[in-house]
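Below you'll find the structure, written out as structure tokens, and then a few comments.
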Amino acid sequence: MTSKVLVSGAQPSGELHLGNYLGALRNWTEMQANYDSLFFIVDQHAITIRQNPAELRRRTLTCAAQYIACGLDPQKCSIFIQSHVIGHAELAWVLGCMTPLGQLQRMTQFKDKQQKSENVDAGLLFYPVLMAADILLYNTELVPVGEDQKQHLELARDLAIRFNSTYSETFNVPEPYILKSGGRIMSLQTPTAKMSKSDSNALGTLYLFEEPESLQKKFRSAVTDSETEIRSAVNKPGISNLLAILSAATGKSIEALEKDYAGSSYSVFKNSVAEAVIEMLRPLRKRYTELMDDKTYLQTILQQGAENAQKRAYKMLSKVYRKTGFLERM
Ligand code: AMP
Ligand code: TRP
């Protein structure tokens, strides 16, 4: 293990889907042992959209179990809940006071979400600053995320540079780490839009822990095109997405898969993709069921994760407060 710090996180705003796994979690599990790794569940981010409290609580615990079932190993990394560590929101405030409003208003994700919601609260605009705080709080060097988070990472880098040049060297300037394969998994129903928990068509999103029969059904009804050829092309977003999923599930290249399935019908191909995905997810399902039956174990992991993170967060926050000019607490 190097001493390079790696952090990443996801929102507990729903069940994890295949995009989360291939675009984020699977990379995390491959990287966890090689870095000083911290992974968190960002419940403070989740409330930028109105949440049902009991649901949020339930999903936060479920999400922790899903992280571990996906392969995050508490022996190799820290896993914790964002709101359990004092420092994320505090650092976000300091950073927010150095963030040009225009930069936040230009964020693609903000513009998207703003269009979709009736009431836009300030938290939605401020969200990328909180994310920058999540990252900078731990002297992070590497942030493995999906492509959609690139712009937010740019802000984290800008803020690190701005703080360092205003108050002297304090933060590492973090590097994004974006894995290309599985970098962007699309909806099965609208293959030009990314797979997401908020897809209006429930058949578009493949949840990691849903019943295999249900996954099969979603693959069967995946939107394709009116041709018959199985190949990856810009004008064939449905088939291209299925090929990308199959490639990520089997480790085979797209070119090799195009050869394997030359002449196959779409329905045979869809079936193969479904089977490969179900096979890939089988051990994860088993582990998840075991974890949900042992909540005490889960809570111990989260407590240890938060204790470790808190020590580090406190150190960084004290340094930031001192440099900012806050009078030290006696
Ligand atoms: P979210 O569910 O939006 O909190 O995202 C959690 C992580 O999964 C982030 O690193 C995202 O970039 C990644 N992610 C979300 N949706 C997709 C997708 N459709 N394809 C690839 N990665 C994704
Ligand atoms: N905004 C990220 C997402 O929606 C989640 C996130 C919050 C995150 N804080 C982070 C990811 C810090 C990496 C590092 O996917």
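Labels used: A, B, ... for chains in the order of the structure tokens, numbers from 1 for residues in each chain, and numbers from 1 for ligands as shown.
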Contacts with ligand 1 at most 9 Å, only C-alpha atoms and all ligand atoms counted, listed as a VMD selection string: chain A and resid 8 to 25 41 to 42 45 to 46 143 to 150 178 182 to 187 193 to 197 205
9 Å contact set for Val273 of chain A, only C-alpha atoms, chain neighbours under 5 positions out, as a list in words: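 Counting only C-alpha atoms, the residues come to Phe219, Leu242, Leu243, Ile245, Leu246, Ala249, Val268 and Ile278 of chain A.
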Could those selected residues go to a file with C-alpha atoms, as a PDB file, in the first residue's frame?
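Okay, this is what ended up in part-v3.pdb:
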ATOM      1  CA  PHE A 219     -32.892  -7.112 -20.549  1.00  0.00           C
ATOM      2  CA  LEU A 242     -25.511  -3.862 -24.157  1.00  0.00           C
ATOM      3  CA  LEU A 243     -22.110  -4.620 -25.677  1.00  0.00           C
ATOM      4  CA  ILE A 245     -22.267  -4.090 -20.310  1.00  0.00           C
ATOM      5  CA  LEU A 246     -21.354  -7.536 -21.619  1.00  0.00           C
ATOM      6  CA  ALA A 249     -19.229  -8.346 -17.163  1.00  0.00           C
ATOM      7  CA  VAL A 268     -30.250 -14.409 -28.150  1.00  0.00           C
ATOM      8  CA  ILE A 278     -26.731 -12.325 -13.290  1.00  0.00           C
TER       9      ILE A 278
END
12 Å contact set for Pro100 of chain A, only C-alpha atoms, chain neighbours under 2 positions out, as a ChimeraX atom specification: /A:95-98,102-107,125-126,129,155,158-159,162
Export of the given selection (N, CA, C and O atoms) as an mmCIF file, in the first residue's frame:
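What follows is the written file result23.cif:
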data_model
loop_
_atom_site.group_PDB
_atom_site.id
_atom_site.type_symbol
_atom_site.label_atom_id
_atom_site.label_comp_id
_atom_site.auth_asym_id
_atom_site.auth_seq_id
_atom_site.Cartn_x
_atom_site.Cartn_y
_atom_site.Cartn_z
ATOM 1 N N LEU A 95 -14.895 26.634 2.283
ATOM 2 C CA LEU A 95 -14.644 26.598 0.836
ATOM 3 C C LEU A 95 -15.709 27.370 0.063
ATOM 4 O O LEU A 95 -15.404 28.037 -0.931
ATOM 5 N N GLY A 96 -16.947 27.281 0.551
ATOM 6 C CA GLY A 96 -18.040 27.995 -0.110
ATOM 7 C C GLY A 96 -17.809 29.492 -0.122
ATOM 8 O O GLY A 96 -18.254 30.198 -1.028
ATOM 9 N N CYS A 97 -17.092 29.956 0.881
ATOM 10 C CA CYS A 97 -16.806 31.394 0.950
ATOM 11 C C CYS A 97 -15.695 31.799 -0.016
ATOM 12 O O CYS A 97 -15.318 32.966 -0.080
ATOM 13 N N MET A 98 -15.155 30.821 -0.746
ATOM 14 C CA MET A 98 -14.140 31.124 -1.764
ATOM 15 C C MET A 98 -14.592 30.641 -3.138
ATOM 16 O O MET A 98 -13.773 30.480 -4.043
ATOM 17 N N GLY A 102 -21.011 32.023 -9.934
ATOM 18 C CA GLY A 102 -21.180 31.657 -11.344
ATOM 19 C C GLY A 102 -20.696 30.245 -11.643
ATOM 20 O O GLY A 102 -21.297 29.520 -12.440
ATOM 21 N N GLN A 103 -19.602 29.847 -10.986
ATOM 22 C CA GLN A 103 -19.057 28.518 -11.241
ATOM 23 C C GLN A 103 -20.056 27.426 -10.811
ATOM 24 O O GLN A 103 -20.189 26.402 -11.462
ATOM 25 N N LEU A 104 -20.770 27.693 -9.732
ATOM 26 C CA LEU A 104 -21.771 26.719 -9.268
ATOM 27 C C LEU A 104 -22.983 26.713 -10.194
ATOM 28 O O LEU A 104 -23.546 25.669 -10.490
ATOM 29 N N GLN A 105 -23.358 27.902 -10.648
ATOM 30 C CA GLN A 105 -24.537 27.998 -11.521
ATOM 31 C C GLN A 105 -24.299 27.344 -12.878
ATOM 32 O O GLN A 105 -25.232 26.940 -13.541
ATOM 33 N N ARG A 106 -23.017 27.226 -13.250
ATOM 34 C CA ARG A 106 -22.698 26.618 -14.550
ATOM 35 C C ARG A 106 -22.583 25.097 -14.503
ATOM 36 O O ARG A 106 -22.408 24.456 -15.527
ATOM 37 N N MET A 107 -22.677 24.498 -13.314
ATOM 38 C CA MET A 107 -22.520 23.044 -13.207
ATOM 39 C C MET A 107 -23.641 22.331 -13.970
ATOM 40 O O MET A 107 -24.824 22.602 -13.731
ATOM 41 N N LEU A 125 -27.428 23.855 -5.172
ATOM 42 C CA LEU A 125 -26.393 24.668 -5.810
ATOM 43 C C LEU A 125 -25.048 24.464 -5.107
ATOM 44 O O LEU A 125 -23.992 24.388 -5.734
ATOM 45 N N PHE A 126 -25.107 24.314 -3.792
ATOM 46 C CA PHE A 126 -23.913 24.245 -2.950
ATOM 47 C C PHE A 126 -23.258 22.860 -2.968
ATOM 48 O O PHE A 126 -22.111 22.694 -2.572
ATOM 49 N N VAL A 129 -19.636 22.048 -3.603
ATOM 50 C CA VAL A 129 -18.690 22.559 -2.606
ATOM 51 C C VAL A 129 -18.559 21.531 -1.469
ATOM 52 O O VAL A 129 -17.469 21.260 -0.973
ATOM 53 N N LEU A 155 -13.882 21.509 -9.769
ATOM 54 C CA LEU A 155 -14.112 22.522 -8.737
ATOM 55 C C LEU A 155 -13.257 22.222 -7.504
ATOM 56 O O LEU A 155 -12.637 23.127 -6.930
ATOM 57 N N ASP A 158 -9.835 23.343 -8.276
ATOM 58 C CA ASP A 158 -9.755 24.823 -8.269
ATOM 59 C C ASP A 158 -9.714 25.347 -6.841
ATOM 60 O O ASP A 158 -8.947 26.255 -6.514
ATOM 61 N N LEU A 159 -10.567 24.766 -5.992
ATOM 62 C CA LEU A 159 -10.639 25.272 -4.621
ATOM 63 C C LEU A 159 -9.359 24.956 -3.846
ATOM 64 O O LEU A 159 -8.896 25.784 -3.055
ATOM 65 N N ARG A 162 -6.878 27.474 -5.049
ATOM 66 C CA ARG A 162 -7.198 28.821 -4.555
ATOM 67 C C ARG A 162 -6.874 28.960 -3.073
ATOM 68 O O ARG A 162 -6.275 29.940 -2.638
#
Picked from segment 112-173 of chain A by DSSP as helix (DSSP H, G or I), as JSON, numbers by chain: {"A": [112, 113, 114, 115, 116, 122, 123, 124, 125, 126, 127, 128, 129, 130, 131, 132, 133, 134, 135, 136, 147, 148, 149, 150, 151, 152, 153, 154, 155, 156, 157, 158, 159, 160, 161, 162, 163, 164, 165, 166, 167]}
Give me a file of those residues, with C-alpha atoms, as a PDB file, in the first residue's frame.
ATOM      1  CA  ASP A 112     -30.236  19.344 -15.032  1.00  0.00           C
ATOM      2  CA  LYS A 113     -31.610  18.901 -11.544  1.00  0.00           C
ATOM      3  CA  GLN A 114     -32.876  22.465 -11.431  1.00  0.00           C
ATOM      4  CA  GLN A 115     -34.950  21.815 -14.519  1.00  0.00           C
ATOM      5  CA  LYS A 116     -36.374  18.629 -13.054  1.00  0.00           C
ATOM      6  CA  ALA A 122     -29.651  26.463  -2.005  1.00  0.00           C
ATOM      7  CA  GLY A 123     -28.185  23.077  -1.001  1.00  0.00           C
ATOM      8  CA  LEU A 124     -28.553  21.819  -4.552  1.00  0.00           C
ATOM      9  CA  LEU A 125     -26.393  24.668  -5.810  1.00  0.00           C
ATOM     10  CA  PHE A 126     -23.913  24.245  -2.950  1.00  0.00           C
ATOM     11  CA  TYR A 127     -23.609  20.466  -3.419  1.00  0.00           C
ATOM     12  CA  PRO A 128     -20.312  20.530  -5.395  1.00  0.00           C
ATOM     13  CA  VAL A 129     -18.690  22.559  -2.606  1.00  0.00           C
ATOM     14  CA  LEU A 130     -19.651  19.888  -0.074  1.00  0.00           C
ATOM     15  CA  MET A 131     -18.193  17.322  -2.425  1.00  0.00           C
ATOM     16  CA  ALA A 132     -14.959  19.325  -2.647  1.00  0.00           C
ATOM     17  CA  ALA A 133     -14.848  19.323   1.155  1.00  0.00           C
ATOM     18  CA  ASP A 134     -15.328  15.517   1.245  1.00  0.00           C
ATOM     19  CA  ILE A 135     -12.264  15.226  -0.915  1.00  0.00           C
ATOM     20  CA  LEU A 136      -9.958  17.931   0.440  1.00  0.00           C
ATOM     21  CA  GLU A 147     -17.488  10.573 -15.938  1.00  0.00           C
ATOM     22  CA  ASP A 148     -20.502  12.599 -14.771  1.00  0.00           C
ATOM     23  CA  GLN A 149     -18.502  13.806 -11.757  1.00  0.00           C
ATOM     24  CA  LYS A 150     -15.605  15.292 -13.710  1.00  0.00           C
ATOM     25  CA  GLN A 151     -16.876  18.854 -13.487  1.00  0.00           C
ATOM     26  CA  HIS A 152     -17.346  18.593  -9.722  1.00  0.00           C
ATOM     27  CA  LEU A 153     -13.786  17.344  -9.403  1.00  0.00           C
ATOM     28  CA  GLU A 154     -12.531  20.306 -11.371  1.00  0.00           C
ATOM     29  CA  LEU A 155     -14.112  22.522  -8.737  1.00  0.00           C
ATOM     30  CA  ALA A 156     -12.387  20.575  -5.952  1.00  0.00           C
ATOM     31  CA  ARG A 157      -9.074  21.101  -7.733  1.00  0.00           C
ATOM     32  CA  ASP A 158      -9.755  24.823  -8.269  1.00  0.00           C
ATOM     33  CA  LEU A 159     -10.639  25.272  -4.621  1.00  0.00           C
ATOM     34  CA  ALA A 160      -7.533  23.447  -3.419  1.00  0.00           C
ATOM     35  CA  ILE A 161      -5.364  25.663  -5.617  1.00  0.00           C
ATOM     36  CA  ARG A 162      -7.198  28.821  -4.555  1.00  0.00           C
ATOM     37  CA  PHE A 163      -6.978  28.017  -0.848  1.00  0.00           C
ATOM     38  CA  ASN A 164      -3.293  27.085  -1.140  1.00  0.00           C
ATOM     39  CA  SER A 165      -2.403  30.282  -2.939  1.00  0.00           C
ATOM     40  CA  THR A 166      -4.442  32.444  -0.562  1.00  0.00           C
ATOM     41  CA  TYR A 167      -3.372  30.885   2.744  1.00  0.00           C
TER      42      TYR A 167
END
Can you pull out the residues contacting Cys70 of chain A? Cut-off 9 Å, using only C-alpha atoms, and skip same-chain residues under 6 positions away; I want them as a PDB file with all heavy atoms, in the first residue's frame.
ATOM      1  N   TYR A  21     -22.110   0.305 -10.049  1.00  0.00           N
ATOM      2  CA  TYR A  21     -21.151  -0.783  -9.844  1.00  0.00           C
ATOM      3  C   TYR A  21     -20.034  -0.739 -10.889  1.00  0.00           C
ATOM      4  O   TYR A  21     -18.860  -0.691 -10.545  1.00  0.00           O
ATOM      5  CB  TYR A  21     -21.884  -2.134  -9.890  1.00  0.00           C
ATOM      6  CG  TYR A  21     -20.958  -3.304  -9.636  1.00  0.00           C
ATOM      7  CD1 TYR A  21     -20.277  -3.436  -8.426  1.00  0.00           C
ATOM      8  CD2 TYR A  21     -20.747  -4.279 -10.615  1.00  0.00           C
ATOM      9  CE1 TYR A  21     -19.418  -4.499  -8.194  1.00  0.00           C
ATOM     10  CE2 TYR A  21     -19.891  -5.348 -10.388  1.00  0.00           C
ATOM     11  CZ  TYR A  21     -19.223  -5.448  -9.181  1.00  0.00           C
ATOM     12  OH  TYR A  21     -18.363  -6.497  -8.955  1.00  0.00           O
ATOM     13  N   LEU A  25     -18.115   1.433  -8.109  1.00  0.00           N
ATOM     14  CA  LEU A  25     -17.763   0.488  -7.040  1.00  0.00           C
ATOM     15  C   LEU A  25     -16.766  -0.598  -7.429  1.00  0.00           C
ATOM     16  O   LEU A  25     -15.887  -0.941  -6.653  1.00  0.00           O
ATOM     17  CB  LEU A  25     -19.038  -0.160  -6.498  1.00  0.00           C
ATOM     18  CG  LEU A  25     -19.548   0.636  -5.306  1.00  0.00           C
ATOM     19  CD1 LEU A  25     -21.053   0.652  -5.250  1.00  0.00           C
ATOM     20  CD2 LEU A  25     -18.980   0.077  -4.019  1.00  0.00           C
ATOM     21  N   ARG A  26     -16.918  -1.116  -8.629  1.00  0.00           N
ATOM     22  CA  ARG A  26     -15.991  -2.186  -8.998  1.00  0.00           C
ATOM     23  C   ARG A  26     -14.558  -1.664  -9.080  1.00  0.00           C
ATOM     24  O   ARG A  26     -13.621  -2.341  -8.660  1.00  0.00           O
ATOM     25  CB  ARG A  26     -16.412  -2.858 -10.301  1.00  0.00           C
ATOM     26  CG  ARG A  26     -15.709  -4.199 -10.451  1.00  0.00           C
ATOM     27  CD  ARG A  26     -16.301  -5.038 -11.528  1.00  0.00           C
ATOM     28  NE  ARG A  26     -15.992  -4.506 -12.845  1.00  0.00           N
ATOM     29  CZ  ARG A  26     -16.213  -5.195 -13.976  1.00  0.00           C
ATOM     30  NH1 ARG A  26     -16.754  -6.396 -13.914  1.00  0.00           N
ATOM     31  NH2 ARG A  26     -15.925  -4.671 -15.136  1.00  0.00           N
ATOM     32  N   THR A  29     -13.150  -1.395  -5.541  1.00  0.00           N
ATOM     33  CA  THR A  29     -12.701  -2.647  -4.918  1.00  0.00           C
ATOM     34  C   THR A  29     -11.350  -3.073  -5.480  1.00  0.00           C
ATOM     35  O   THR A  29     -10.548  -3.668  -4.781  1.00  0.00           O
ATOM     36  CB  THR A  29     -13.709  -3.793  -5.129  1.00  0.00           C
ATOM     37  OG1 THR A  29     -13.796  -4.064  -6.519  1.00  0.00           O
ATOM     38  CG2 THR A  29     -15.083  -3.439  -4.605  1.00  0.00           C
ATOM     39  N   LEU A 281     -23.322 -11.008 -10.668  1.00  0.00           N
ATOM     40  CA  LEU A 281     -23.899 -10.474  -9.428  1.00  0.00           C
ATOM     41  C   LEU A 281     -24.221 -11.545  -8.382  1.00  0.00           C
ATOM     42  O   LEU A 281     -24.476 -11.219  -7.224  1.00  0.00           O
ATOM     43  CB  LEU A 281     -25.174  -9.677  -9.749  1.00  0.00           C
ATOM     44  CG  LEU A 281     -24.970  -8.437 -10.628  1.00  0.00           C
ATOM     45  CD1 LEU A 281     -26.291  -7.740 -10.886  1.00  0.00           C
ATOM     46  CD2 LEU A 281     -23.986  -7.456  -9.992  1.00  0.00           C
ATOM     47  N   PRO A 283     -22.520 -13.822  -6.472  1.00  0.00           N
ATOM     48  CA  PRO A 283     -21.839 -13.798  -5.168  1.00  0.00           C
ATOM     49  C   PRO A 283     -22.140 -12.529  -4.358  1.00  0.00           C
ATOM     50  O   PRO A 283     -22.151 -12.558  -3.128  1.00  0.00           O
ATOM     51  CB  PRO A 283     -20.354 -13.886  -5.526  1.00  0.00           C
ATOM     52  CG  PRO A 283     -20.253 -13.621  -6.978  1.00  0.00           C
ATOM     53  CD  PRO A 283     -21.574 -13.895  -7.593  1.00  0.00           C
ATOM     54  N   LEU A 284     -22.397 -11.429  -5.047  1.00  0.00           N
ATOM     55  CA  LEU A 284     -22.693 -10.167  -4.358  1.00  0.00           C
ATOM     56  C   LEU A 284     -24.026 -10.283  -3.608  1.00  0.00           C
ATOM     57  O   LEU A 284     -24.161  -9.830  -2.466  1.00  0.00           O
ATOM     58  CB  LEU A 284     -22.771  -9.011  -5.345  1.00  0.00           C
ATOM     59  CG  LEU A 284     -21.475  -8.368  -5.850  1.00  0.00           C
ATOM     60  CD1 LEU A 284     -20.564  -9.348  -6.548  1.00  0.00           C
ATOM     61  CD2 LEU A 284     -21.769  -7.204  -6.770  1.00  0.00           C
ATOM     62  N   ARG A 285     -24.989 -10.917  -4.265  1.00  0.00           N
ATOM     63  CA  ARG A 285     -26.315 -11.105  -3.661  1.00  0.00           C
ATOM     64  C   ARG A 285     -26.225 -11.922  -2.373  1.00  0.00           C
ATOM     65  O   ARG A 285     -26.855 -11.617  -1.381  1.00  0.00           O
ATOM     66  CB  ARG A 285     -27.218 -11.896  -4.620  1.00  0.00           C
ATOM     67  CG  ARG A 285     -27.937 -11.102  -5.631  1.00  0.00           C
ATOM     68  CD  ARG A 285     -28.751 -12.042  -6.505  1.00  0.00           C
ATOM     69  NE  ARG A 285     -29.931 -12.546  -5.798  1.00  0.00           N
ATOM     70  CZ  ARG A 285     -31.044 -11.865  -5.643  1.00  0.00           C
ATOM     71  NH1 ARG A 285     -31.147 -10.651  -6.144  1.00  0.00           N
ATOM     72  NH2 ARG A 285     -32.055 -12.364  -4.991  1.00  0.00           N
ATOM     73  N   ARG A 287     -23.631 -12.366  -0.371  1.00  0.00           N
ATOM     74  CA  ARG A 287     -22.956 -11.608   0.695  1.00  0.00           C
ATOM     75  C   ARG A 287     -23.900 -10.548   1.289  1.00  0.00           C
ATOM     76  O   ARG A 287     -23.922 -10.305   2.483  1.00  0.00           O
ATOM     77  CB  ARG A 287     -21.690 -10.958   0.106  1.00  0.00           C
ATOM     78  CG  ARG A 287     -20.868 -10.178   1.095  1.00  0.00           C
ATOM     79  CD  ARG A 287     -20.006 -11.095   1.935  1.00  0.00           C
ATOM     80  NE  ARG A 287     -19.226 -10.339   2.909  1.00  0.00           N
ATOM     81  CZ  ARG A 287     -19.399 -10.419   4.222  1.00  0.00           C
ATOM     82  NH1 ARG A 287     -20.298 -11.231   4.742  1.00  0.00           N
ATOM     83  NH2 ARG A 287     -18.653  -9.707   5.048  1.00  0.00           N
ATOM     84  N   TYR A 288     -24.660  -9.925   0.420  1.00  0.00           N
ATOM     85  CA  TYR A 288     -25.579  -8.870   0.863  1.00  0.00           C
ATOM     86  C   TYR A 288     -26.618  -9.432   1.836  1.00  0.00           C
ATOM     87  O   TYR A 288     -26.878  -8.833   2.884  1.00  0.00           O
ATOM     88  CB  TYR A 288     -26.264  -8.252  -0.366  1.00  0.00           C
ATOM     89  CG  TYR A 288     -27.312  -7.226  -0.023  1.00  0.00           C
ATOM     90  CD1 TYR A 288     -26.973  -6.071   0.667  1.00  0.00           C
ATOM     91  CD2 TYR A 288     -28.635  -7.414  -0.393  1.00  0.00           C
ATOM     92  CE1 TYR A 288     -27.932  -5.129   0.980  1.00  0.00           C
ATOM     93  CE2 TYR A 288     -29.600  -6.471  -0.083  1.00  0.00           C
ATOM     94  CZ  TYR A 288     -29.246  -5.330   0.605  1.00  0.00           C
ATOM     95  OH  TYR A 288     -30.194  -4.405   0.926  1.00  0.00           O
TER      96      TYR A 288
END
Residues of segment 19-127 of chain A in strand (DSSP E), written as an MDAnalysis selection string: chainID A and resid 36:41 77:81
Selection near Ser226 of chain A, 12 Å with only C-alpha atoms, sequence-local residues under 6 positions removed, as a ChimeraX atom specification: /A:235-239,265-266
Written file, previous selection with all heavy atoms, as a CSV table (one decimal), in the first residue's frame:
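What follows is the written file result_25.csv:
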chain,number,residue,atom,x,y,z
A,235,ASN,N,-24.9,5.4,-33.9
A,235,ASN,CA,-26.4,5.4,-34.2
A,235,ASN,C,-27.1,4.1,-33.7
A,235,ASN,O,-28.2,3.8,-34.1
A,235,ASN,CB,-26.6,5.5,-35.8
A,235,ASN,CG,-26.0,4.3,-36.5
A,235,ASN,OD1,-25.1,3.6,-36.0
A,235,ASN,ND2,-26.4,4.1,-37.7
A,236,LYS,N,-26.4,3.3,-32.9
A,236,LYS,CA,-27.0,2.1,-32.3
A,236,LYS,C,-26.7,2.2,-30.8
A,236,LYS,O,-26.0,1.3,-30.2
A,236,LYS,CB,-26.3,0.9,-32.9
A,236,LYS,CG,-26.6,0.6,-34.4
A,236,LYS,CD,-25.8,-0.4,-35.0
A,236,LYS,CE,-26.2,-1.8,-34.6
A,236,LYS,NZ,-27.4,-2.3,-35.2
A,237,PRO,N,-27.3,3.1,-30.1
A,237,PRO,CA,-27.0,3.3,-28.7
A,237,PRO,C,-27.4,2.1,-27.8
A,237,PRO,O,-26.7,1.8,-26.8
A,237,PRO,CB,-27.7,4.6,-28.3
A,237,PRO,CG,-28.8,4.8,-29.3
A,237,PRO,CD,-28.2,4.2,-30.6
A,238,GLY,N,-28.5,1.5,-28.2
A,238,GLY,CA,-29.0,0.4,-27.3
A,238,GLY,C,-28.1,-0.8,-27.4
A,238,GLY,O,-27.6,-1.3,-26.4
A,239,ILE,N,-27.7,-1.2,-28.6
A,239,ILE,CA,-26.8,-2.4,-28.8
A,239,ILE,C,-25.4,-2.0,-28.3
A,239,ILE,O,-24.8,-2.8,-27.6
A,239,ILE,CB,-26.8,-2.8,-30.3
A,239,ILE,CG1,-28.1,-3.4,-30.7
A,239,ILE,CG2,-25.6,-3.7,-30.6
A,239,ILE,CD1,-28.5,-4.7,-30.1
A,265,SER,N,-29.3,-13.4,-33.2
A,265,SER,CA,-30.4,-12.5,-33.2
A,265,SER,C,-30.3,-11.6,-31.9
A,265,SER,O,-29.6,-11.9,-31.0
A,265,SER,CB,-31.7,-13.3,-33.1
A,265,SER,OG,-31.8,-13.9,-31.8
A,266,TYR,N,-31.0,-10.5,-32.0
A,266,TYR,CA,-31.0,-9.6,-30.8
A,266,TYR,C,-31.5,-10.3,-29.5
A,266,TYR,O,-31.0,-10.1,-28.4
A,266,TYR,CB,-31.9,-8.3,-31.1
A,266,TYR,CG,-31.2,-7.3,-31.9
A,266,TYR,CD1,-29.9,-7.4,-32.4
A,266,TYR,CD2,-31.9,-6.1,-32.2
A,266,TYR,CE1,-29.3,-6.5,-33.2
A,266,TYR,CE2,-31.3,-5.0,-32.9
A,266,TYR,CZ,-30.0,-5.3,-33.5
A,266,TYR,OH,-29.4,-4.3,-34.2
Test item: residues at most 8 Å from segment 302-316 of chain A, only C-alpha atoms, excluding those fewer than 3 positions along its chain, as a PyMOL selection string: chain A and resi 38+78-81+84-88+137-138+298-299+319-320
Of the listed residues A:Arg322, A:Ser221, A:Phe39, A:Leu208, that which approaches Pro74 of chain A most closely, counting only C-alpha atoms: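 Ranking A:Arg322, A:Ser221, A:Phe39, A:Leu208 by distance to Pro74 of chain A, first place goes to A:Phe39.
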